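Okay, so here's the structure we're looking at.
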Amino acid sequence: MTDGFSDPGPAAAGPLGDIAARVAELARKLGMSQAEVFDVHQLSDASGVPADVVQALLDGRAAGEPDVQARFLQRFAALRRSRLKPNGRPYTQQEIADGAGMSRQQAGALINGDRRPTMEHCDAIQRFFKVHAGYLTAEDSEALGDALLRTEQELLHAFAAREHDRERELDALAPAGEQDPLERLLQDHGVRGIAWRAAQLPTDKHRDKVTEWLDMLLESVKRVDP
């Protein structure tokens, strides 16, 4: 273990472990260090989960705040620390109230923990700070998993772009008429878009569903063909 990083390996269990394993594999293929993609401080900023909880979850240890109200206060405080105004200063209570469409008294009660937030409050605050739905309320393991899924999407984009560049380089070097058959098939039938969209799906289960749909479509086409 190094400062700000824990190699999750097989330690992180369940759905979080599956996501971490995919991210680790993509990082390996891209030649990136594990420290780049599993930096606990960056993941803490992205998810709102305290850095020590991120570390524990990646290590496969039970951690996280089970109380919804306490979790909301943690995440709200994280937003105010990490999502700053263009001048680098935190938003004032009045600015949050105005941006979220509530009174200053309501905003103050939520910030101080004197009032339990409603879903409407959470949605308004999340929109104001431009964070995803569920940022303020998701369980810590789920919030960290969502942050890693966004990392996975970024790595998939980078990996696909790199592979595309490599394919173009190989095509440029290949003599005329010696293009790879699979590459020619992808070009001739315009299926790159399908493959690219499938690659962005978060799990093999989702990709298997795409395969099922394509098989069903092929069967339906065969039935109507003369």
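Following the order of the structure tokens, first chain is A, next is B, and so on, with residues numbered from 1 inside each chain and ligands from 1 in the order they appear.
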
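When the distance limit is 6 Å and only C-alpha atoms are what count, the residues near region 50-62 of chain A, minus those fewer than 3 positions from it on the same chain, are Pro8, Ala11, Ala12, Ala13, Val40, His41 and Ser44 of chain A.
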
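Close contacts of Arg83 (chain A), defined as residues with an atom at most 12 Å away when counting only C-alpha atoms, with chain neighbours fewer than 6 positions off set aside, comprise Asp45, Ala46, Gly48, Arg75, Phe76, Ala77, Arg89, Pro90, Tyr91, Thr92, Ile96, Ile125, Gln126, Phe128, Phe129, Lys130 and Val131 of chain A.
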
Export N, CA, C and O atoms of the chosen residues as an mmCIF file, in the first residue's frame?
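Produced file out23.cif, reproduced below:
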```
data_model
loop_
_atom_site.group_PDB
_atom_site.id
_atom_site.type_symbol
_atom_site.label_atom_id
_atom_site.label_comp_id
_atom_site.auth_asym_id
_atom_site.auth_seq_id
_atom_site.Cartn_x
_atom_site.Cartn_y
_atom_site.Cartn_z
ATOM 1 N N ASP A 45 -13.333 12.746 -3.787
ATOM 2 C CA ASP A 45 -13.926 13.961 -4.368
ATOM 3 C C ASP A 45 -15.037 13.605 -5.358
ATOM 4 O O ASP A 45 -16.072 14.275 -5.415
ATOM 5 N N ALA A 46 -14.817 12.547 -6.137
ATOM 6 C CA ALA A 46 -15.796 12.169 -7.161
ATOM 7 C C ALA A 46 -17.059 11.577 -6.562
ATOM 8 O O ALA A 46 -18.156 11.760 -7.103
ATOM 9 N N GLY A 48 -17.916 11.674 -2.996
ATOM 10 C CA GLY A 48 -18.386 12.261 -1.752
ATOM 11 C C GLY A 48 -18.138 11.375 -0.553
ATOM 12 O O GLY A 48 -18.468 11.742 0.572
ATOM 13 N N ARG A 75 -21.797 14.237 2.694
ATOM 14 C CA ARG A 75 -21.711 14.534 1.260
ATOM 15 C C ARG A 75 -21.922 16.026 0.985
ATOM 16 O O ARG A 75 -21.263 16.598 0.111
ATOM 17 N N PHE A 76 -22.864 16.644 1.725
ATOM 18 C CA PHE A 76 -23.118 18.067 1.533
ATOM 19 C C PHE A 76 -21.858 18.855 1.893
ATOM 20 O O PHE A 76 -21.465 19.791 1.174
ATOM 21 N N ALA A 77 -21.203 18.480 2.994
ATOM 22 C CA ALA A 77 -19.965 19.154 3.382
ATOM 23 C C ALA A 77 -18.882 18.941 2.332
ATOM 24 O O ALA A 77 -18.114 19.865 2.017
ATOM 25 N N ARG A 89 -13.589 30.337 -4.126
ATOM 26 C CA ARG A 89 -14.193 30.404 -2.793
ATOM 27 C C ARG A 89 -15.436 29.513 -2.724
ATOM 28 O O ARG A 89 -16.090 29.280 -3.740
ATOM 29 N N PRO A 90 -15.779 29.027 -1.527
ATOM 30 C CA PRO A 90 -16.989 28.199 -1.405
ATOM 31 C C PRO A 90 -18.246 29.051 -1.571
ATOM 32 O O PRO A 90 -18.239 30.262 -1.319
ATOM 33 N N TYR A 91 -19.316 28.396 -2.000
ATOM 34 C CA TYR A 91 -20.600 29.081 -2.118
ATOM 35 C C TYR A 91 -21.133 29.409 -0.726
ATOM 36 O O TYR A 91 -21.004 28.612 0.209
ATOM 37 N N THR A 92 -21.730 30.574 -0.615
ATOM 38 C CA THR A 92 -22.326 30.959 0.662
ATOM 39 C C THR A 92 -23.667 30.253 0.851
ATOM 40 O O THR A 92 -24.241 29.701 -0.100
ATOM 41 N N ILE A 96 -26.330 29.118 -2.135
ATOM 42 C CA ILE A 96 -26.877 27.760 -2.266
ATOM 43 C C ILE A 96 -28.395 27.798 -2.218
ATOM 44 O O ILE A 96 -29.070 27.140 -3.017
ATOM 45 N N ILE A 125 -30.242 20.491 -4.688
ATOM 46 C CA ILE A 125 -28.837 20.741 -4.321
ATOM 47 C C ILE A 125 -27.894 20.081 -5.328
ATOM 48 O O ILE A 125 -26.882 20.666 -5.739
ATOM 49 N N GLN A 126 -28.234 18.860 -5.746
ATOM 50 C CA GLN A 126 -27.399 18.163 -6.730
ATOM 51 C C GLN A 126 -27.377 18.905 -8.055
ATOM 52 O O GLN A 126 -26.321 18.992 -8.702
ATOM 53 N N PHE A 128 -27.802 22.125 -8.434
ATOM 54 C CA PHE A 128 -27.040 23.366 -8.241
ATOM 55 C C PHE A 128 -25.538 23.108 -8.335
ATOM 56 O O PHE A 128 -24.804 23.867 -8.980
ATOM 57 N N PHE A 129 -25.081 22.021 -7.700
ATOM 58 C CA PHE A 129 -23.652 21.715 -7.707
ATOM 59 C C PHE A 129 -23.219 20.888 -8.925
ATOM 60 O O PHE A 129 -22.043 20.539 -9.060
ATOM 61 N N LYS A 130 -24.204 20.572 -9.789
ATOM 62 C CA LYS A 130 -23.917 19.845 -11.037
ATOM 63 C C LYS A 130 -23.254 18.488 -10.773
ATOM 64 O O LYS A 130 -22.240 18.136 -11.388
ATOM 65 N N VAL A 131 -23.844 17.739 -9.855
ATOM 66 C CA VAL A 131 -23.393 16.366 -9.601
ATOM 67 C C VAL A 131 -24.538 15.421 -9.953
ATOM 68 O O VAL A 131 -25.689 15.829 -10.082
#
```

Check the DSSP output for the backbone and give back, as a PDB file with C-alpha atoms, in the first residue's frame, the residues of region 15-203 of chain A in alpha helix (DSSP H).
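Output file part38.pdb follows:
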```pdb
ATOM      1  CA  PRO A  15     -20.224  -5.641  -7.361  1.00  0.00           C
ATOM      2  CA  LEU A  16     -17.609  -3.121  -6.211  1.00  0.00           C
ATOM      3  CA  GLY A  17     -14.890  -5.740  -6.623  1.00  0.00           C
ATOM      4  CA  ASP A  18     -16.108  -6.565 -10.133  1.00  0.00           C
ATOM      5  CA  ILE A  19     -15.949  -2.916 -11.171  1.00  0.00           C
ATOM      6  CA  ALA A  20     -12.533  -2.446  -9.559  1.00  0.00           C
ATOM      7  CA  ALA A  21     -11.197  -5.511 -11.383  1.00  0.00           C
ATOM      8  CA  ARG A  22     -12.392  -4.181 -14.754  1.00  0.00           C
ATOM      9  CA  VAL A  23     -10.866  -0.767 -14.077  1.00  0.00           C
ATOM     10  CA  ALA A  24      -7.583  -2.371 -13.023  1.00  0.00           C
ATOM     11  CA  GLU A  25      -7.486  -4.455 -16.205  1.00  0.00           C
ATOM     12  CA  LEU A  26      -8.201  -1.439 -18.440  1.00  0.00           C
ATOM     13  CA  ALA A  27      -5.496   0.533 -16.660  1.00  0.00           C
ATOM     14  CA  ARG A  28      -3.055  -2.327 -17.264  1.00  0.00           C
ATOM     15  CA  LYS A  29      -3.908  -2.419 -20.974  1.00  0.00           C
ATOM     16  CA  GLN A  34      -2.931   1.518 -10.475  1.00  0.00           C
ATOM     17  CA  ALA A  35      -2.212   4.611  -8.392  1.00  0.00           C
ATOM     18  CA  GLU A  36      -3.626   6.784 -11.175  1.00  0.00           C
ATOM     19  CA  VAL A  37      -7.027   5.110 -11.232  1.00  0.00           C
ATOM     20  CA  VAL A  40      -8.464   7.485  -2.830  1.00  0.00           C
ATOM     21  CA  HIS A  41      -8.479  11.274  -2.621  1.00  0.00           C
ATOM     22  CA  GLN A  42      -9.686  11.689  -6.206  1.00  0.00           C
ATOM     23  CA  LEU A  43     -12.273   8.955  -5.704  1.00  0.00           C
ATOM     24  CA  SER A  44     -13.381  10.673  -2.502  1.00  0.00           C
ATOM     25  CA  ASP A  45     -13.926  13.961  -4.368  1.00  0.00           C
ATOM     26  CA  ALA A  46     -15.796  12.169  -7.161  1.00  0.00           C
ATOM     27  CA  SER A  47     -18.064  10.147  -4.883  1.00  0.00           C
ATOM     28  CA  ALA A  51     -11.123   9.030   1.877  1.00  0.00           C
ATOM     29  CA  ASP A  52     -10.670   6.603   4.776  1.00  0.00           C
ATOM     30  CA  VAL A  53     -13.929   4.867   3.837  1.00  0.00           C
ATOM     31  CA  VAL A  54     -12.837   4.670   0.185  1.00  0.00           C
ATOM     32  CA  GLN A  55      -9.595   3.056   1.355  1.00  0.00           C
ATOM     33  CA  ALA A  56     -11.417   0.540   3.518  1.00  0.00           C
ATOM     34  CA  LEU A  57     -13.908  -0.401   0.797  1.00  0.00           C
ATOM     35  CA  LEU A  58     -11.138  -0.940  -1.752  1.00  0.00           C
ATOM     36  CA  VAL A  68     -28.955   8.492   5.819  1.00  0.00           C
ATOM     37  CA  GLN A  69     -28.948  11.829   7.626  1.00  0.00           C
ATOM     38  CA  ALA A  70     -25.296  11.542   8.656  1.00  0.00           C
ATOM     39  CA  ARG A  71     -24.373  10.452   5.133  1.00  0.00           C
ATOM     40  CA  PHE A  72     -26.219  13.446   3.666  1.00  0.00           C
ATOM     41  CA  LEU A  73     -24.309  15.825   5.950  1.00  0.00           C
ATOM     42  CA  GLN A  74     -20.979  14.228   4.971  1.00  0.00           C
ATOM     43  CA  ARG A  75     -21.711  14.534   1.260  1.00  0.00           C
ATOM     44  CA  PHE A  76     -23.118  18.067   1.533  1.00  0.00           C
ATOM     45  CA  ALA A  77     -19.965  19.154   3.382  1.00  0.00           C
ATOM     46  CA  ALA A  78     -17.843  17.445   0.706  1.00  0.00           C
ATOM     47  CA  LEU A  79     -19.692  19.350  -2.011  1.00  0.00           C
ATOM     48  CA  ARG A  80     -19.107  22.666  -0.295  1.00  0.00           C
ATOM     49  CA  ARG A  81     -15.382  21.893   0.050  1.00  0.00           C
ATOM     50  CA  SER A  82     -14.759  20.542  -3.437  1.00  0.00           C
ATOM     51  CA  GLN A  93     -25.437  29.689   2.370  1.00  0.00           C
ATOM     52  CA  GLN A  94     -27.478  32.342   0.578  1.00  0.00           C
ATOM     53  CA  GLU A  95     -26.037  31.419  -2.835  1.00  0.00           C
ATOM     54  CA  ILE A  96     -26.877  27.760  -2.266  1.00  0.00           C
ATOM     55  CA  ALA A  97     -30.379  28.691  -1.168  1.00  0.00           C
ATOM     56  CA  ASP A  98     -30.939  30.891  -4.223  1.00  0.00           C
ATOM     57  CA  GLY A  99     -29.487  28.319  -6.620  1.00  0.00           C
ATOM     58  CA  ALA A 100     -31.473  25.436  -5.131  1.00  0.00           C
ATOM     59  CA  ARG A 104     -31.850  30.783   3.433  1.00  0.00           C
ATOM     60  CA  GLN A 105     -33.370  29.340   6.598  1.00  0.00           C
ATOM     61  CA  GLN A 106     -34.087  26.021   4.858  1.00  0.00           C
ATOM     62  CA  ALA A 107     -30.567  25.838   3.488  1.00  0.00           C
ATOM     63  CA  GLY A 108     -29.094  26.632   6.903  1.00  0.00           C
ATOM     64  CA  ALA A 109     -31.201  23.959   8.604  1.00  0.00           C
ATOM     65  CA  LEU A 110     -30.052  21.364   6.072  1.00  0.00           C
ATOM     66  CA  ILE A 111     -26.397  22.373   6.349  1.00  0.00           C
ATOM     67  CA  ASN A 112     -26.484  22.267  10.157  1.00  0.00           C
ATOM     68  CA  MET A 119     -35.753  14.010  -2.162  1.00  0.00           C
ATOM     69  CA  GLU A 120     -36.731  17.400  -3.591  1.00  0.00           C
ATOM     70  CA  HIS A 121     -34.081  19.092  -1.461  1.00  0.00           C
ATOM     71  CA  CYS A 122     -31.461  16.575  -2.579  1.00  0.00           C
ATOM     72  CA  ASP A 123     -32.369  16.899  -6.255  1.00  0.00           C
ATOM     73  CA  ALA A 124     -32.226  20.714  -6.074  1.00  0.00           C
ATOM     74  CA  ILE A 125     -28.837  20.741  -4.321  1.00  0.00           C
ATOM     75  CA  GLN A 126     -27.399  18.163  -6.730  1.00  0.00           C
ATOM     76  CA  ARG A 127     -28.551  20.209  -9.723  1.00  0.00           C
ATOM     77  CA  PHE A 128     -27.040  23.366  -8.241  1.00  0.00           C
ATOM     78  CA  PHE A 129     -23.652  21.715  -7.707  1.00  0.00           C
ATOM     79  CA  ASP A 140     -21.005   4.601   0.396  1.00  0.00           C
ATOM     80  CA  SER A 141     -20.172   1.386  -1.488  1.00  0.00           C
ATOM     81  CA  GLU A 142     -22.694   2.288  -4.195  1.00  0.00           C
ATOM     82  CA  ALA A 143     -21.369   5.840  -4.484  1.00  0.00           C
ATOM     83  CA  LEU A 144     -17.802   4.561  -4.830  1.00  0.00           C
ATOM     84  CA  GLY A 145     -18.950   2.012  -7.399  1.00  0.00           C
ATOM     85  CA  ASP A 146     -20.607   4.785  -9.426  1.00  0.00           C
ATOM     86  CA  ALA A 147     -17.383   6.813  -9.347  1.00  0.00           C
ATOM     87  CA  LEU A 148     -15.412   3.791 -10.557  1.00  0.00           C
ATOM     88  CA  LEU A 149     -17.966   3.197 -13.323  1.00  0.00           C
ATOM     89  CA  ARG A 150     -17.331   6.719 -14.570  1.00  0.00           C
ATOM     90  CA  THR A 151     -13.600   5.993 -14.447  1.00  0.00           C
ATOM     91  CA  GLU A 152     -14.246   2.828 -16.441  1.00  0.00           C
ATOM     92  CA  GLN A 153     -16.120   4.780 -19.110  1.00  0.00           C
ATOM     93  CA  GLU A 154     -13.244   7.239 -19.431  1.00  0.00           C
ATOM     94  CA  LEU A 155     -10.749   4.389 -19.753  1.00  0.00           C
ATOM     95  CA  LEU A 156     -12.926   2.633 -22.333  1.00  0.00           C
ATOM     96  CA  HIS A 157     -12.956   5.810 -24.422  1.00  0.00           C
ATOM     97  CA  ALA A 158      -9.183   6.083 -24.127  1.00  0.00           C
ATOM     98  CA  PHE A 159      -8.692   2.404 -24.963  1.00  0.00           C
ATOM     99  CA  ALA A 160     -11.000   2.537 -27.984  1.00  0.00           C
ATOM    100  CA  ALA A 161      -9.281   5.686 -29.270  1.00  0.00           C
ATOM    101  CA  ARG A 162      -5.875   4.059 -28.898  1.00  0.00           C
ATOM    102  CA  GLU A 163      -6.985   0.887 -30.685  1.00  0.00           C
ATOM    103  CA  HIS A 164      -8.525   2.947 -33.478  1.00  0.00           C
ATOM    104  CA  ASP A 165      -5.250   4.836 -33.934  1.00  0.00           C
ATOM    105  CA  ARG A 166      -3.337   1.556 -34.023  1.00  0.00           C
ATOM    106  CA  GLU A 167      -5.689   0.109 -36.618  1.00  0.00           C
ATOM    107  CA  ARG A 168      -5.233   3.160 -38.830  1.00  0.00           C
ATOM    108  CA  GLU A 169      -1.469   2.867 -38.525  1.00  0.00           C
ATOM    109  CA  LEU A 170      -1.572  -0.824 -39.471  1.00  0.00           C
ATOM    110  CA  ASP A 171      -3.897  -0.115 -42.405  1.00  0.00           C
ATOM    111  CA  ALA A 172      -1.520   2.537 -43.666  1.00  0.00           C
ATOM    112  CA  LEU A 173       1.387   0.085 -43.527  1.00  0.00           C
ATOM    113  CA  PRO A 181     -10.697  -9.576 -42.970  1.00  0.00           C
ATOM    114  CA  LEU A 182     -12.355  -8.597 -39.692  1.00  0.00           C
ATOM    115  CA  GLU A 183     -11.364  -4.972 -40.167  1.00  0.00           C
ATOM    116  CA  ARG A 184     -12.760  -5.055 -43.713  1.00  0.00           C
ATOM    117  CA  LEU A 185     -16.003  -6.573 -42.432  1.00  0.00           C
ATOM    118  CA  LEU A 186     -16.389  -3.815 -39.835  1.00  0.00           C
ATOM    119  CA  GLN A 187     -15.859  -1.149 -42.469  1.00  0.00           C
ATOM    120  CA  ASP A 188     -17.977  -2.700 -45.213  1.00  0.00           C
ATOM    121  CA  HIS A 189     -21.007  -3.334 -43.010  1.00  0.00           C
ATOM    122  CA  ARG A 192     -18.253  -0.207 -35.695  1.00  0.00           C
ATOM    123  CA  GLY A 193     -20.919   1.911 -33.998  1.00  0.00           C
ATOM    124  CA  ILE A 194     -22.647  -1.173 -32.584  1.00  0.00           C
ATOM    125  CA  ALA A 195     -19.376  -2.597 -31.280  1.00  0.00           C
ATOM    126  CA  TRP A 196     -18.379   0.748 -29.784  1.00  0.00           C
ATOM    127  CA  ARG A 197     -21.696   1.184 -27.974  1.00  0.00           C
ATOM    128  CA  ALA A 198     -21.540  -2.367 -26.632  1.00  0.00           C
ATOM    129  CA  ALA A 199     -18.025  -1.752 -25.320  1.00  0.00           C
TER     130      ALA A 199
END
```

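Here CA of Gly14 (chain A) and CA of Tyr135 (chain A) stand 20.7 Å from one another.
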